[in-house]
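S.K.: Next up, model.csv (CSV, C-alpha atoms).
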```
chain,number,residue,atom,x,y,z
A,1,MET,CA,-0.8,25.5,-55.8
A,2,LEU,CA,1.4,22.8,-54.2
A,3,LEU,CA,0.6,24.2,-50.8
A,4,LYS,CA,-3.2,23.8,-51.4
A,5,SER,CA,-2.8,20.2,-52.4
A,6,LYS,CA,-0.9,19.4,-49.2
A,7,ALA,CA,-3.4,21.2,-46.9
A,8,PRO,CA,-5.7,18.2,-46.5
A,9,LEU,CA,-2.7,15.9,-45.7
A,10,LEU,CA,-1.4,18.4,-43.1
A,11,ALA,CA,-4.9,18.7,-41.6
A,12,ALA,CA,-5.2,14.9,-41.4
A,13,ALA,CA,-1.8,14.5,-39.9
A,14,LEU,CA,-2.6,17.2,-37.3
A,15,LEU,CA,-5.9,15.5,-36.4
A,16,LEU,CA,-4.2,12.2,-36.1
A,17,ALA,CA,-1.6,13.7,-33.8
A,18,VAL,CA,-4.2,15.3,-31.6
A,19,SER,CA,-6.3,12.2,-31.4
A,20,ALA,CA,-3.3,10.0,-30.6
A,21,GLN,CA,-2.6,12.3,-27.6
A,22,ALA,CA,-6.3,12.4,-26.5
A,23,GLN,CA,-7.0,10.0,-23.7
A,24,THR,CA,-10.2,9.0,-22.0
A,25,LYS,CA,-10.7,9.9,-18.3
A,26,LYS,CA,-10.3,6.2,-17.4
A,27,GLU,CA,-6.9,6.0,-19.2
A,28,LEU,CA,-5.8,9.2,-17.4
A,29,VAL,CA,-6.9,7.7,-14.1
A,30,GLN,CA,-4.9,4.5,-14.8
A,31,LYS,CA,-1.9,6.6,-15.7
A,32,VAL,CA,-2.1,8.5,-12.4
A,33,ILE,CA,-2.5,5.2,-10.5
A,34,SER,CA,0.5,3.8,-12.4
A,35,LEU,CA,2.6,6.8,-11.4
A,36,GLN,CA,1.5,6.3,-7.8
A,37,THR,CA,2.8,2.7,-7.7
A,38,PRO,CA,5.8,3.5,-5.5
A,39,ALA,CA,3.5,5.2,-2.9
A,40,VAL,CA,1.0,2.3,-3.1
A,41,GLU,CA,3.8,-0.2,-2.5
A,42,SER,CA,4.9,1.9,0.4
A,43,LEU,CA,1.5,1.5,1.9
A,44,GLY,CA,1.9,-2.3,1.8
A,45,ARG,CA,5.3,-2.0,3.4
A,46,THR,CA,3.8,0.3,6.1
A,47,VAL,CA,1.1,-2.2,6.9
A,48,ALA,CA,3.7,-5.0,7.2
A,49,THR,CA,5.9,-2.8,9.4
A,50,GLN,CA,3.1,-1.8,11.7
A,51,THR,CA,1.9,-5.4,12.0
A,52,SER,CA,5.4,-6.6,12.8
A,53,GLY,CA,5.8,-3.8,15.3
A,54,GLN,CA,2.6,-4.8,17.0
A,55,VAL,CA,4.0,-8.4,17.3
A,56,LEU,CA,7.2,-7.0,18.9
A,57,GLN,CA,5.2,-4.9,21.3
A,58,ALA,CA,3.2,-8.0,22.4
A,59,VAL,CA,6.3,-10.0,22.7
A,60,ALA,CA,8.0,-7.3,24.8
A,61,GLY,CA,5.5,-7.8,27.5
A,62,GLY,CA,6.1,-11.5,27.5
A,63,LEU,CA,9.9,-11.0,27.7
A,64,GLN,CA,9.4,-9.8,31.3
A,65,ARG,CA,8.4,-13.4,32.2
A,66,VAL,CA,11.5,-14.9,30.7
A,67,PRO,CA,14.4,-15.4,33.2
A,68,ALA,CA,16.8,-12.5,33.1
A,69,ASP,CA,19.7,-14.7,31.9
A,70,LYS,CA,17.7,-15.9,28.9
A,71,ARG,CA,16.0,-12.6,28.1
A,72,GLU,CA,18.6,-11.2,25.6
A,73,ALA,CA,18.7,-14.5,23.6
A,74,ALA,CA,14.9,-14.7,23.7
A,75,ALA,CA,14.6,-11.1,22.4
A,76,LYS,CA,17.1,-11.8,19.7
A,77,ALA,CA,15.2,-14.9,18.6
A,78,ALA,CA,12.0,-13.0,18.7
A,79,ARG,CA,13.4,-10.2,16.5
A,80,GLU,CA,14.6,-12.8,14.0
A,81,GLU,CA,11.2,-14.5,13.9
A,82,VAL,CA,9.5,-11.2,13.4
A,83,GLN,CA,11.9,-10.3,10.6
A,84,LYS,CA,11.1,-13.6,8.9
A,85,PHE,CA,7.4,-12.8,9.4
A,86,TYR,CA,7.9,-9.3,7.9
A,87,ASN,CA,9.8,-10.8,5.0
A,88,GLU,CA,7.0,-13.2,4.3
A,89,ILE,CA,4.1,-10.7,4.6
A,90,GLU,CA,5.6,-7.6,3.1
A,91,PRO,CA,5.6,-8.8,-0.5
A,92,VAL,CA,2.1,-10.1,-0.1
A,93,LEU,CA,0.9,-6.7,1.2
A,94,ARG,CA,2.9,-4.7,-1.3
A,95,THR,CA,1.6,-6.8,-4.3
A,96,GLN,CA,-1.9,-6.8,-3.1
A,97,ALA,CA,-1.9,-3.0,-2.6
A,98,VAL,CA,-0.8,-2.6,-6.2
A,99,LYS,CA,-3.6,-5.0,-7.3
A,100,LEU,CA,-6.2,-3.2,-5.3
A,101,ALA,CA,-5.1,0.3,-6.2
A,102,PRO,CA,-7.2,0.7,-9.3
A,103,SER,CA,-10.5,-0.3,-7.6
A,104,ALA,CA,-9.7,1.7,-4.5
A,105,LEU,CA,-8.2,4.8,-6.0
A,106,GLY,CA,-9.7,4.9,-9.5
A,107,PRO,CA,-13.3,5.8,-8.5
A,108,LYS,CA,-12.0,8.6,-6.2
A,109,LEU,CA,-9.9,10.1,-8.9
A,110,GLU,CA,-12.7,9.8,-11.5
A,111,GLU,CA,-15.1,11.4,-9.1
A,112,LYS,CA,-12.8,14.2,-7.8
A,113,LEU,CA,-10.7,15.2,-10.8
A,114,THR,CA,-11.4,16.3,-14.3
A,115,GLU,CA,-9.6,15.0,-17.4
A,116,GLU,CA,-7.6,18.3,-17.6
A,117,GLU,CA,-6.7,18.0,-13.9
A,118,LEU,CA,-5.6,14.4,-14.4
A,119,LYS,CA,-3.3,15.6,-17.2
A,120,GLN,CA,-1.9,18.3,-14.9
A,121,VAL,CA,-1.3,15.8,-12.2
A,122,ILE,CA,0.4,13.4,-14.6
A,123,ALA,CA,2.7,16.2,-15.7
A,124,TRP,CA,3.3,17.1,-12.0
A,125,LEU,CA,2.7,20.8,-12.7
A,126,GLU,CA,2.5,23.3,-9.9
A,127,SER,CA,-1.2,23.8,-10.1
A,128,SER,CA,-4.5,23.8,-8.4
A,129,ALA,CA,-5.0,20.3,-9.6
A,130,ALA,CA,-1.9,19.1,-7.7
A,131,LYS,CA,-3.4,20.7,-4.5
A,132,LYS,CA,-6.7,19.0,-5.1
A,133,PHE,CA,-5.0,15.7,-5.7
A,134,ALA,CA,-3.1,16.1,-2.4
A,135,GLU,CA,-6.4,16.7,-0.6
A,136,VAL,CA,-7.9,13.5,-2.1
A,137,GLY,CA,-4.7,11.5,-1.2
A,138,PRO,CA,-5.5,10.7,2.4
A,139,GLU,CA,-9.0,9.5,1.5
A,140,MET,CA,-7.6,7.3,-1.2
A,141,GLN,CA,-4.9,5.9,1.0
A,142,LYS,CA,-7.5,5.1,3.7
A,143,SER,CA,-9.7,3.4,1.2
A,144,LEU,CA,-6.8,1.3,-0.2
A,145,GLY,CA,-5.5,0.5,3.3
A,146,ASP,CA,-9.0,-0.6,4.4
A,147,MET,CA,-9.3,-2.8,1.3
A,148,LEU,CA,-5.8,-4.2,1.7
A,149,VAL,CA,-6.3,-5.2,5.3
A,150,ALA,CA,-9.7,-6.8,4.6
A,151,ASP,CA,-8.5,-8.6,1.6
A,152,THR,CA,-5.3,-10.0,3.1
A,153,ARG,CA,-6.6,-10.7,6.6
A,154,PRO,CA,-7.3,-14.4,5.8
A,155,VAL,CA,-3.7,-14.9,4.6
A,156,ILE,CA,-2.0,-12.7,7.3
A,157,GLU,CA,-3.9,-13.6,10.5
A,158,PRO,CA,-3.0,-17.3,10.5
A,159,LYS,CA,0.6,-16.4,9.9
A,160,LEU,CA,0.4,-13.8,12.7
A,161,LYS,CA,-1.1,-16.4,15.1
A,162,ALA,CA,1.5,-19.0,14.2
A,163,LEU,CA,4.3,-16.4,14.8
A,164,GLU,CA,2.8,-15.5,18.2
A,165,GLN,CA,2.7,-19.2,19.1
A,166,THR,CA,6.3,-19.7,18.0
A,167,LEU,CA,7.5,-16.7,19.9
A,168,MET,CA,5.7,-17.7,23.1
A,169,LYS,CA,7.1,-21.2,22.9
A,170,GLN,CA,10.6,-19.9,22.3
A,171,MET,CA,10.2,-17.8,25.5
A,172,GLY,CA,9.0,-20.8,27.4
A,173,ILE,CA,5.6,-19.3,27.9
A,174,ASN,CA,2.5,-21.5,27.6
A,175,PRO,CA,0.6,-19.8,24.7
A,176,ALA,CA,-2.8,-20.9,26.2
A,177,ALA,CA,-1.9,-19.3,29.6
A,178,ALA,CA,-0.3,-16.2,28.1
A,179,SER,CA,-2.5,-13.2,28.5
A,180,ALA,CA,-0.7,-11.0,26.0
A,181,PRO,CA,-3.1,-9.4,23.6
A,182,ALA,CA,-3.0,-10.7,20.1
A,183,ALA,CA,-1.7,-8.2,17.6
A,184,ARG,CA,-4.1,-7.5,14.7
A,185,THR,CA,-3.4,-6.2,11.2
A,186,SER,CA,-4.7,-2.7,10.9
A,187,ALA,CA,-4.7,0.1,8.4
A,188,PRO,CA,-2.1,2.8,8.8
A,189,LYS,CA,-3.3,5.6,11.0
A,190,LYS,CA,-2.9,9.2,9.8
```
As a first step, turn the structure in this file into structure tokens.

M.R.:
Amino acid sequence: MLLKSKAPLLAAALLLAVSAQAQTKKELVQKVISLQTPAVESLGRTVATQTSGQVLQAVAGGLQRVPADKREAAAKAAREEVQKFYNEIEPVLRTQAVKLAPSALGPKLEEKLTEEELKQVIAWLESSAAKKFAEVGPEMQKSLGDMLVADTRPVIEPKLKALEQTLMKQMGINPAAASAPAARTSAPKK
């Protein structure tokens, strides 16, 4: 008799537990994006690294015009300026990548994966869902990279131009006469 009177309570508790675990597809997508934060931040760092590398490549051509006895010092000064530039843009790109991730990655995840597959990805199970997620990864990364570059271009390009001018002046090259190509922020290439 006691068991029958507790049955409705047990059923209610079970229903509450199941509904507490149930998540909408949007919540699952947000969880996946949250779990991907380190990879998203890495993309921001990659864009900053590539941009800084492009500046160093542009400067390397200009270093040939610097007198040989001043070249090593000029190269060191250029590396220091590029490091400062990197240190300034890396947090901007990393933060902005995290900010853009939901709008860049969310629609792809919602479109390509089911709720059950999202649950499997979150649990990092060895499954067909993990393979499907890996296939969607490059498309999502490209989407985020494109958005990140477009969104941060107004902030990064003036800093990039200022850095190029500073480096050219340090090397004793007239920036207006320099024919070195300007480095541009671009999305990582796969």

S.K.: Rounded to one decimal in Å, what is the spacing between atom CA of Thr37 of chain A and atom CA of Val155 of chain A?

M.R.: 22.4 Å

S.K.: Which residues, written as a list of chain:residue names, have at least one atom at most 12 Å from Gly172 of chain A, with all atoms listed in the file counted and residues fewer than 5 positions away on the same chain left out?

M.R.: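 Here the qualifying residues turn out to be A:Gly62, A:Leu63, A:Gln64, A:Arg65, A:Val66, A:Pro67, A:Lys70, A:Arg71, A:Ala74, A:Gln165, A:Thr166, A:Leu167, A:Ala177, A:Ala178.
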
S.K.: Would you compute the distance between atom CA of Glu116 of chain A and atom CA of Gln30 of chain A? Give it in Å to one decimal.

M.R.: 14.3 Å

S.K.: May I ask for the distance between atom CA of Glu115 of chain A and atom CA of Pro138 of chain A, given in Å to one decimal place?

M.R.: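 Spanning atom CA of Glu115 of chain A to atom CA of Pro138 of chain A is a straight-line distance of 20.7 Å.
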
S.K.: Under the rule that only C-alpha atoms are counted, which of A:Lys108, A:Lys161, A:Lys25, A:Arg94 is the nearest residue to Glu41 of chain A?

M.R.: A:Arg94

S.K.: With distances taken over only C-alpha atoms, which of A:Thr152, A:Ser143, A:Thr24, A:Gln50 is nearest to Pro107 of chain A?

M.R.: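 Using only C-alpha atoms, the shortest distance to Pro107 of chain A belongs to A:Ser143.
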
S.K.: Could you check which of A:Leu148, A:Met140, A:Ala78, A:Leu28 is closest to Met168 of chain A, using all atoms listed in the file?

M.R.: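 Answer, going by the shortest atom-to-atom distance: A:Ala78.
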
S.K.: Looking at A:Gly61, A:Gly53, A:Pro154, A:Gly44, which one is nearest to Leu100 of chain A, with distances taken over only C-alpha atoms?

M.R.: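 Looking at the shortest contact to Leu100 of chain A, the residue is A:Gly44.
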
S.K.: Find the residue from A:Ala75, A:Val149, A:Ile156, A:Val82 that sits nearest to Gln54 of chain A; use only C-alpha atoms when measuring.

M.R.: A:Val82

S.K.: Have a look at A:Leu144, A:Leu113, A:Glu164, A:Glu157 and name the one nearest to Leu56 of chain A; count all atoms listed in the file.

M.R.: A:Glu164
